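Report on one structure; see the data block that follows.
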Amino acid sequence: MAGAIGTFIAGMQYLFSNFSEFLSLLQRHLALVFISEGAAILIAVPLGVIAARYDRAKGPILSIGNVAQTVPPLAVLALAFPLLGLGYRPSVVALFVYALLPVLTNTIAGIESVDENTIDAARGMGMTENERLREIQLPLALPVIFAGIRTSTVINVGTAYLAFFIGGGGLGSWVISGINLFNMPQVMAGAVAGALLAITLDLGLAAVEGRLSDSGVEMTQSVA
Amino acid sequence: MIEFENVTKTYSDGTTAIENISFSVEGGTTTVLVGPSGCGKTTTMKLVNRLEDPTDGVVYVDGTDNRDLDEIELRRNTGYVIQEIGLFDHRTVGENIATVPELVGWDDERIDERVAELIDLMGLSRDFRDQYPMELSGGQRQRVGVARALAADPEVLLMDEPFGALDPITRERLQNEFLDIQERIDTTILFVTHDINEALKMGDRIAIFDVGEVVQYDTPREILANPKSEFVEDFIGEDRSFKQLDITPVTEVMGPPDGEYASVIDGSDTDATTAADGGSGYEGKALAPDDSVKNALDRLLRSDTPALPVVENGEVIGVVADEHIRASFGQRSDAQRGAA
């Protein structure tokens with residue numbers, strides 16, 4: 001225990017004495033996460049919509065997402081290397097692939113969880129399929145979709161450490177080279193920073209998510 | 001005006017929901033489709049706004065085969081209310097009501113006025129406008145559902161068990177309110193229910209369904225007086241006479257005010273009518289012209305007078321006694337026998 005606290009303090013000392021290096025690693029880490037996650041959202045949400053709408057497309061789309069998710073992240077990165085080479089860009093692609101599934105499944109689940117009677121009413125009132133999607137299904141599915149984005153982002157922060165293996169940089173540089181060099185303060189500095197980053201993003205996104213699912217349902221409790 | 005012409009609907013799994021149905025619904029009236037569950041009444045209703053298309057036969061809306069109409073436009077011209085209401089939980093009450101006017105592109109001012117008008121029409125407080133559906137009670141939600149269906153002044157209104165999920169007291173209140181509203185709008189209404197009492201109460205005409213067929217299509221009174229088959233008779237239930245009394249207004253059975261009950265009515269015979277209240281003097285005893293005969297019988301049984309006055313605008317226009325009720329029934333059963 002005392003050893004752990006000692007290592008933690010040593011880690012923080014390491015972090016602050018290499019602060020400018022830390023900032024550039026953090027910046028790279030954030031770039032990896034945000035760009036891959038953003039791309040994943042841009043692709044997974046429309047794919048999820050298509051899967052939810054066309055039963056025939058659902059199977060194939062989900063299996064792509066599933067395969068991407070079941071391959072260990074390290075293997076995804078390793079597979080990206082022969083295909084795309086080394087460096088930052090292949091890392092983003094690998095992380096993107098890995099981030100797809102949670103957003104995809106939640107988009108499908110969110111749209112499918114919209115009450116059938118609500119859809120029936122919308123149809124009966126003369127909404128076209130696109131109007132139903134845009135004005136009814138997506139807004140009602142938004143909290144669930146957003147929960148998927150949140151999960152995916154937090155996982156992504158952790159997975160991005162592995163980008164170091166194919167030269168993607170980020171906080172993984174400290175952690176992985178620290179392990180190799182047995183430099184525990186360096187490992188600690190990189191790990192704690194990533195953990196704090198994940199927690200911060202999680203809380204921030206949770207706050208947005210809470211606001212999304214509250215709107216419209218705000219005063220339910222006061223009536224019930 | 002809606003016409004069903006030899007309409008058959010068979011689903012892709014081979015089940016036939018309705019078979020060779022023909023009947024027509026007059027414009028501006030309320031027609032109730034009633035029958036046990038699985039009899040095809042909901043399917044029949046959905047054929048009107050093309051939520052289903054017939055396998056065979058034609059549904060005419062105002063003389064046009066509705067498959068020649070654009071389905072989206074047809075639906076926007078047709079109000080649609082379902083038992084589960086299906087309000088949009090992410091939109092306020094006002095936004096829910098404004099759905100179809102928004103879709104068809106009314107300007108904001110017109111929508112605003114219309115929403116306010118409907119909130120008033122449905123007897124909702126204006127404060128509800130900015131609230132969300134989840135904050136309302138079941139009865140209030142269904143009022144919003146009806147308002148939403150009426151928003152763009154549809155020519156046809158389809159209602160699928162609209163009051164089915166409500167508690168009995170709220171249901172009756174909404175039925176009565178809706179009867180009032182019905183008089184103020186000239187919408188053609190198709191109303192689906194499994195409850196014969198609701199059908200008798202709400203319908204100008206009733207189509208009784210039995211597994212995919214219309215077994216009788218008539219006015220409520222005709223159905224009660226002359227059920228065409230044993231099925232219809234069973235469906236109406238054992239208390240057919242009471243139901244008849246319930247939908248017959250007292251004005252139809254009452255005797256003249258100056259007949260043999262004049263003494264009862266002019267007050268010389270009873271305490272109740274001598275009350276010097278400045279009004280008619282019939283407080284609590286008088287019947288209104290639109291009271292039902294069942295109501296009259298109930299009050300006769302509970303009162304100590306042999307007859308009750310029917311009062312309109314403070315004036316006695318008739319009198320109802322035991323014998324009037326009996327006599328009207330006698331005639332009716334004679335007519336029935338004659339017809340048979």
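Chain labels follow the order of the structure tokens: the first chain is A, the next B, and so on; residue numbering restarts at 1 in every chain, and ligands are counted from 1 in their shown order.
Within 7 Å of chain A, and using only C-alpha atoms, the residues found on chain B are Leu51, Ile72, Glu73, Arg75, Arg76, Gly79, Tyr80, Glu84, Gly86, Leu87, Phe88, Asp89, His90, Arg91, Val100, Tyr132, Met134 and Glu135 of chain B.
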What does the file look like for those residues with N, CA, C and O atoms, as a short mmCIF file (atom, residue, chain, number, x, y, z; two decimals), in the first residue's frame?
data_model
loop_
_atom_site.label_atom_id
_atom_site.label_comp_id
_atom_site.auth_asym_id
_atom_site.auth_seq_id
_atom_site.Cartn_x
_atom_site.Cartn_y
_atom_site.Cartn_z
N LEU B 51 -53.84 2.40 -44.15
CA LEU B 51 -52.83 1.75 -43.33
C LEU B 51 -52.81 0.27 -43.73
O LEU B 51 -51.84 -0.43 -43.52
N ILE B 72 -50.22 9.51 -48.31
CA ILE B 72 -49.79 10.49 -47.31
C ILE B 72 -50.82 11.61 -47.19
O ILE B 72 -51.25 11.99 -46.10
N GLU B 73 -51.26 12.09 -48.34
CA GLU B 73 -52.25 13.16 -48.34
C GLU B 73 -53.58 12.69 -47.73
O GLU B 73 -54.22 13.39 -46.96
N ARG B 75 -54.01 10.41 -45.53
CA ARG B 75 -53.90 10.27 -44.08
C ARG B 75 -53.90 11.63 -43.39
O ARG B 75 -54.41 11.77 -42.29
N ARG B 76 -53.31 12.62 -44.05
CA ARG B 76 -53.31 13.95 -43.44
C ARG B 76 -54.71 14.54 -43.44
O ARG B 76 -55.02 15.43 -42.65
N GLY B 79 -58.37 12.13 -39.66
CA GLY B 79 -57.92 12.08 -38.27
C GLY B 79 -57.78 10.64 -37.82
O GLY B 79 -58.48 9.76 -38.31
N TYR B 80 -56.87 10.40 -36.89
CA TYR B 80 -56.60 9.02 -36.47
C TYR B 80 -56.35 9.00 -34.97
O TYR B 80 -55.41 9.62 -34.48
N GLU B 84 -54.15 3.42 -27.58
CA GLU B 84 -52.89 3.66 -26.86
C GLU B 84 -52.43 5.10 -27.04
O GLU B 84 -51.37 5.48 -26.57
N GLY B 86 -50.60 7.09 -28.38
CA GLY B 86 -49.40 7.30 -29.19
C GLY B 86 -49.00 8.76 -29.29
O GLY B 86 -48.60 9.23 -30.35
N LEU B 87 -49.07 9.47 -28.17
CA LEU B 87 -48.58 10.85 -28.19
C LEU B 87 -47.07 10.84 -28.32
O LEU B 87 -46.40 9.87 -27.96
N PHE B 88 -46.52 11.93 -28.86
CA PHE B 88 -45.07 12.04 -29.01
C PHE B 88 -44.51 12.62 -27.71
O PHE B 88 -44.67 13.80 -27.41
N ASP B 89 -43.84 11.76 -26.95
CA ASP B 89 -43.42 12.16 -25.61
C ASP B 89 -42.36 13.25 -25.59
O ASP B 89 -42.15 13.89 -24.57
N HIS B 90 -41.67 13.44 -26.72
CA HIS B 90 -40.62 14.45 -26.72
C HIS B 90 -41.16 15.81 -27.16
O HIS B 90 -40.41 16.75 -27.29
N ARG B 91 -42.47 15.87 -27.38
CA ARG B 91 -43.04 17.14 -27.80
C ARG B 91 -44.12 17.59 -26.81
O ARG B 91 -44.80 16.75 -26.24
N VAL B 100 -50.19 17.66 -37.56
CA VAL B 100 -50.64 17.62 -38.96
C VAL B 100 -50.64 19.03 -39.60
O VAL B 100 -50.15 19.19 -40.71
N TYR B 132 -45.57 18.37 -21.11
CA TYR B 132 -45.27 17.18 -21.90
C TYR B 132 -46.30 16.08 -21.57
O TYR B 132 -46.83 16.04 -20.47
N MET B 134 -46.22 13.10 -20.69
CA MET B 134 -46.00 12.28 -19.50
C MET B 134 -46.58 12.92 -18.23
O MET B 134 -46.75 12.27 -17.23
N GLU B 135 -46.81 14.23 -18.30
CA GLU B 135 -47.28 14.92 -17.11
C GLU B 135 -48.80 14.85 -16.96
O GLU B 135 -49.35 15.31 -15.97
#
* **Contacts of Phe34 of chain A at 12 Å (only C-alpha atoms; same-chain gap of 6+ positions) as a ChimeraX atom specification** => /A:26-28,40-42,92-93,95-96,99,149-150,152-154,156-157,160,201
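Of the listed residues A:Leu32, A:Ala52, A:Ile61, A:Leu205, the one whose atoms come nearest to Thr107 of chain A is A:Ala52, with distances taken using only C-alpha atoms.
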* **Length of the atom CA of Thr193 of chain B to atom CA of Asp298 of chain B vector [Å]** =>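 Going from atom CA of Thr193 of chain B over to atom CA of Asp298 of chain B covers 27.5 Å.
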* Write out as a list in words which residues come within 9 Å of segment 78-80 of chain A when counting only C-alpha atoms, dropping same-chain ones fewer than 4 positions away. => Pro73, Leu74, Leu84, Gly85, Leu86, Pro90, Ser91, Val93, Ala94, Phe165 and Ile166 of chain A
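Straight-line separation from atom CA of Val320 of chain B to atom CA of Gly255 of chain B: 6.2 Å.
The interatomic distance for the pair atom CA of Val67 of chain A and atom CA of Gly87 of chain A works out to 23.7 Å.
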From segment 4-200 of chain B, collect each residue whose DSSP state is strand (DSSP E) and return the set as a PDB file with C-alpha atoms, in the first residue's frame.
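Below is the file out.pdb, written as the result:
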ATOM      1  CA  PHE B   4     -66.875  -0.392 -48.898  1.00  0.00           C
ATOM      2  CA  GLU B   5     -67.573  -2.457 -51.974  1.00  0.00           C
ATOM      3  CA  ASN B   6     -67.056  -6.216 -51.722  1.00  0.00           C
ATOM      4  CA  VAL B   7     -63.918  -5.671 -49.703  1.00  0.00           C
ATOM      5  CA  THR B   8     -61.779  -8.636 -48.693  1.00  0.00           C
ATOM      6  CA  LYS B   9     -58.537  -8.435 -46.785  1.00  0.00           C
ATOM      7  CA  THR B  10     -56.258 -11.435 -46.532  1.00  0.00           C
ATOM      8  CA  THR B  16     -58.552 -13.536 -43.786  1.00  0.00           C
ATOM      9  CA  ALA B  17     -59.444 -10.560 -41.642  1.00  0.00           C
ATOM     10  CA  ILE B  18     -62.571  -9.543 -43.520  1.00  0.00           C
ATOM     11  CA  GLU B  19     -64.432 -11.142 -46.342  1.00  0.00           C
ATOM     12  CA  ASN B  20     -66.590  -9.479 -48.946  1.00  0.00           C
ATOM     13  CA  ILE B  21     -67.789  -6.554 -46.874  1.00  0.00           C
ATOM     14  CA  SER B  22     -70.063  -3.922 -48.373  1.00  0.00           C
ATOM     15  CA  PHE B  23     -71.572  -0.964 -46.601  1.00  0.00           C
ATOM     16  CA  SER B  24     -71.451   2.782 -46.843  1.00  0.00           C
ATOM     17  CA  VAL B  25     -70.957   5.478 -44.264  1.00  0.00           C
ATOM     18  CA  THR B  30     -70.830   8.538 -36.785  1.00  0.00           C
ATOM     19  CA  THR B  31     -70.670   4.884 -37.664  1.00  0.00           C
ATOM     20  CA  VAL B  32     -69.547   2.418 -35.051  1.00  0.00           C
ATOM     21  CA  LEU B  33     -67.876  -0.846 -36.000  1.00  0.00           C
ATOM     22  CA  VAL B  34     -68.485  -3.228 -33.149  1.00  0.00           C
ATOM     23  CA  ASP B  56     -60.042  -7.504 -53.183  1.00  0.00           C
ATOM     24  CA  GLY B  57     -62.766  -4.929 -53.632  1.00  0.00           C
ATOM     25  CA  VAL B  58     -62.665  -1.166 -53.397  1.00  0.00           C
ATOM     26  CA  VAL B  59     -62.891   1.434 -50.667  1.00  0.00           C
ATOM     27  CA  TYR B  60     -64.285   4.717 -51.965  1.00  0.00           C
ATOM     28  CA  VAL B  61     -63.626   7.948 -50.109  1.00  0.00           C
ATOM     29  CA  THR B  64     -62.844   8.050 -55.362  1.00  0.00           C
ATOM     30  CA  ASP B  65     -61.155   4.676 -55.108  1.00  0.00           C
ATOM     31  CA  THR B  78     -58.068  11.774 -42.042  1.00  0.00           C
ATOM     32  CA  GLY B  79     -57.923  12.078 -38.274  1.00  0.00           C
ATOM     33  CA  TYR B  80     -56.600   9.022 -36.473  1.00  0.00           C
ATOM     34  CA  VAL B  81     -57.092   8.190 -32.802  1.00  0.00           C
ATOM     35  CA  ILE B  82     -55.974   4.919 -31.211  1.00  0.00           C
ATOM     36  CA  VAL B 156     -62.942  11.783 -41.838  1.00  0.00           C
ATOM     37  CA  LEU B 157     -62.042  10.797 -38.297  1.00  0.00           C
ATOM     38  CA  LEU B 158     -61.016   7.228 -37.475  1.00  0.00           C
ATOM     39  CA  MET B 159     -61.142   6.189 -33.840  1.00  0.00           C
ATOM     40  CA  ASP B 160     -59.929   2.776 -32.724  1.00  0.00           C
ATOM     41  CA  THR B 188     -67.529  11.650 -40.850  1.00  0.00           C
ATOM     42  CA  ILE B 189     -66.543   9.434 -37.966  1.00  0.00           C
ATOM     43  CA  LEU B 190     -65.687   5.749 -38.002  1.00  0.00           C
ATOM     44  CA  PHE B 191     -65.516   4.468 -34.457  1.00  0.00           C
ATOM     45  CA  VAL B 192     -64.270   1.014 -33.507  1.00  0.00           C
ATOM     46  CA  THR B 193     -65.188  -0.609 -30.206  1.00  0.00           C
TER      47      THR B 193
END
* Asked: Which polymer residues have any atom within 12 Å of an atom of Ala147 of chain A, counting only C-alpha atoms, with same-chain residues fewer than 6 positions away left out, as a PyMOL selection string?
  -> chain A and resi 102-107+109-110+141+153-154+202-213
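For segment 53-59 of chain A, the residues within 12 Å (counting only C-alpha atoms, excluding itself and residues fewer than 2 positions away along the chain) are Pro46, Leu47, Gly48, Val49, Ile50, Ala51, Ile61, Leu62, Ser63, Ile64, Gly65, Asn66, Leu104, Thr105, Thr107, Ile108, Ala109, Ile111, Glu112, Glu129, Asn130, Arg132, Leu133, Gln137 and Leu138 of chain A.
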* Filtered DSSP result for segment 84-207 of chain A, state alpha helix (DSSP H), as an MDAnalysis selection string -> chainID A and resid 84 88:112 116:124 129:131 138:159 172:181 184:207
* Excluding segment 101-107 of chain B and residues on its chain fewer than 3 positions from it, collect all residues at most 7 Å away from it, counting only C-alpha atoms, and give them as JSON, numbers by chain. => {"B": [98, 110, 111, 151, 152]}
* **Shell around Gln216 of chain B at 12 Å using only C-alpha atoms, local window under 5 positions removed, as a list in words** =>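 The contact residues come out as Ile21, Ser22, Phe23, Val32, Leu33, Val34, Gly35, Arg205, Ile206, Ala207, Ile208, Phe209, Asp210, Glu222, Ile223, Leu224, Asn226, Pro227, Lys228, Ser229, Glu230, Phe231, Val232, Glu233, Phe235 and Ile236 of chain B.
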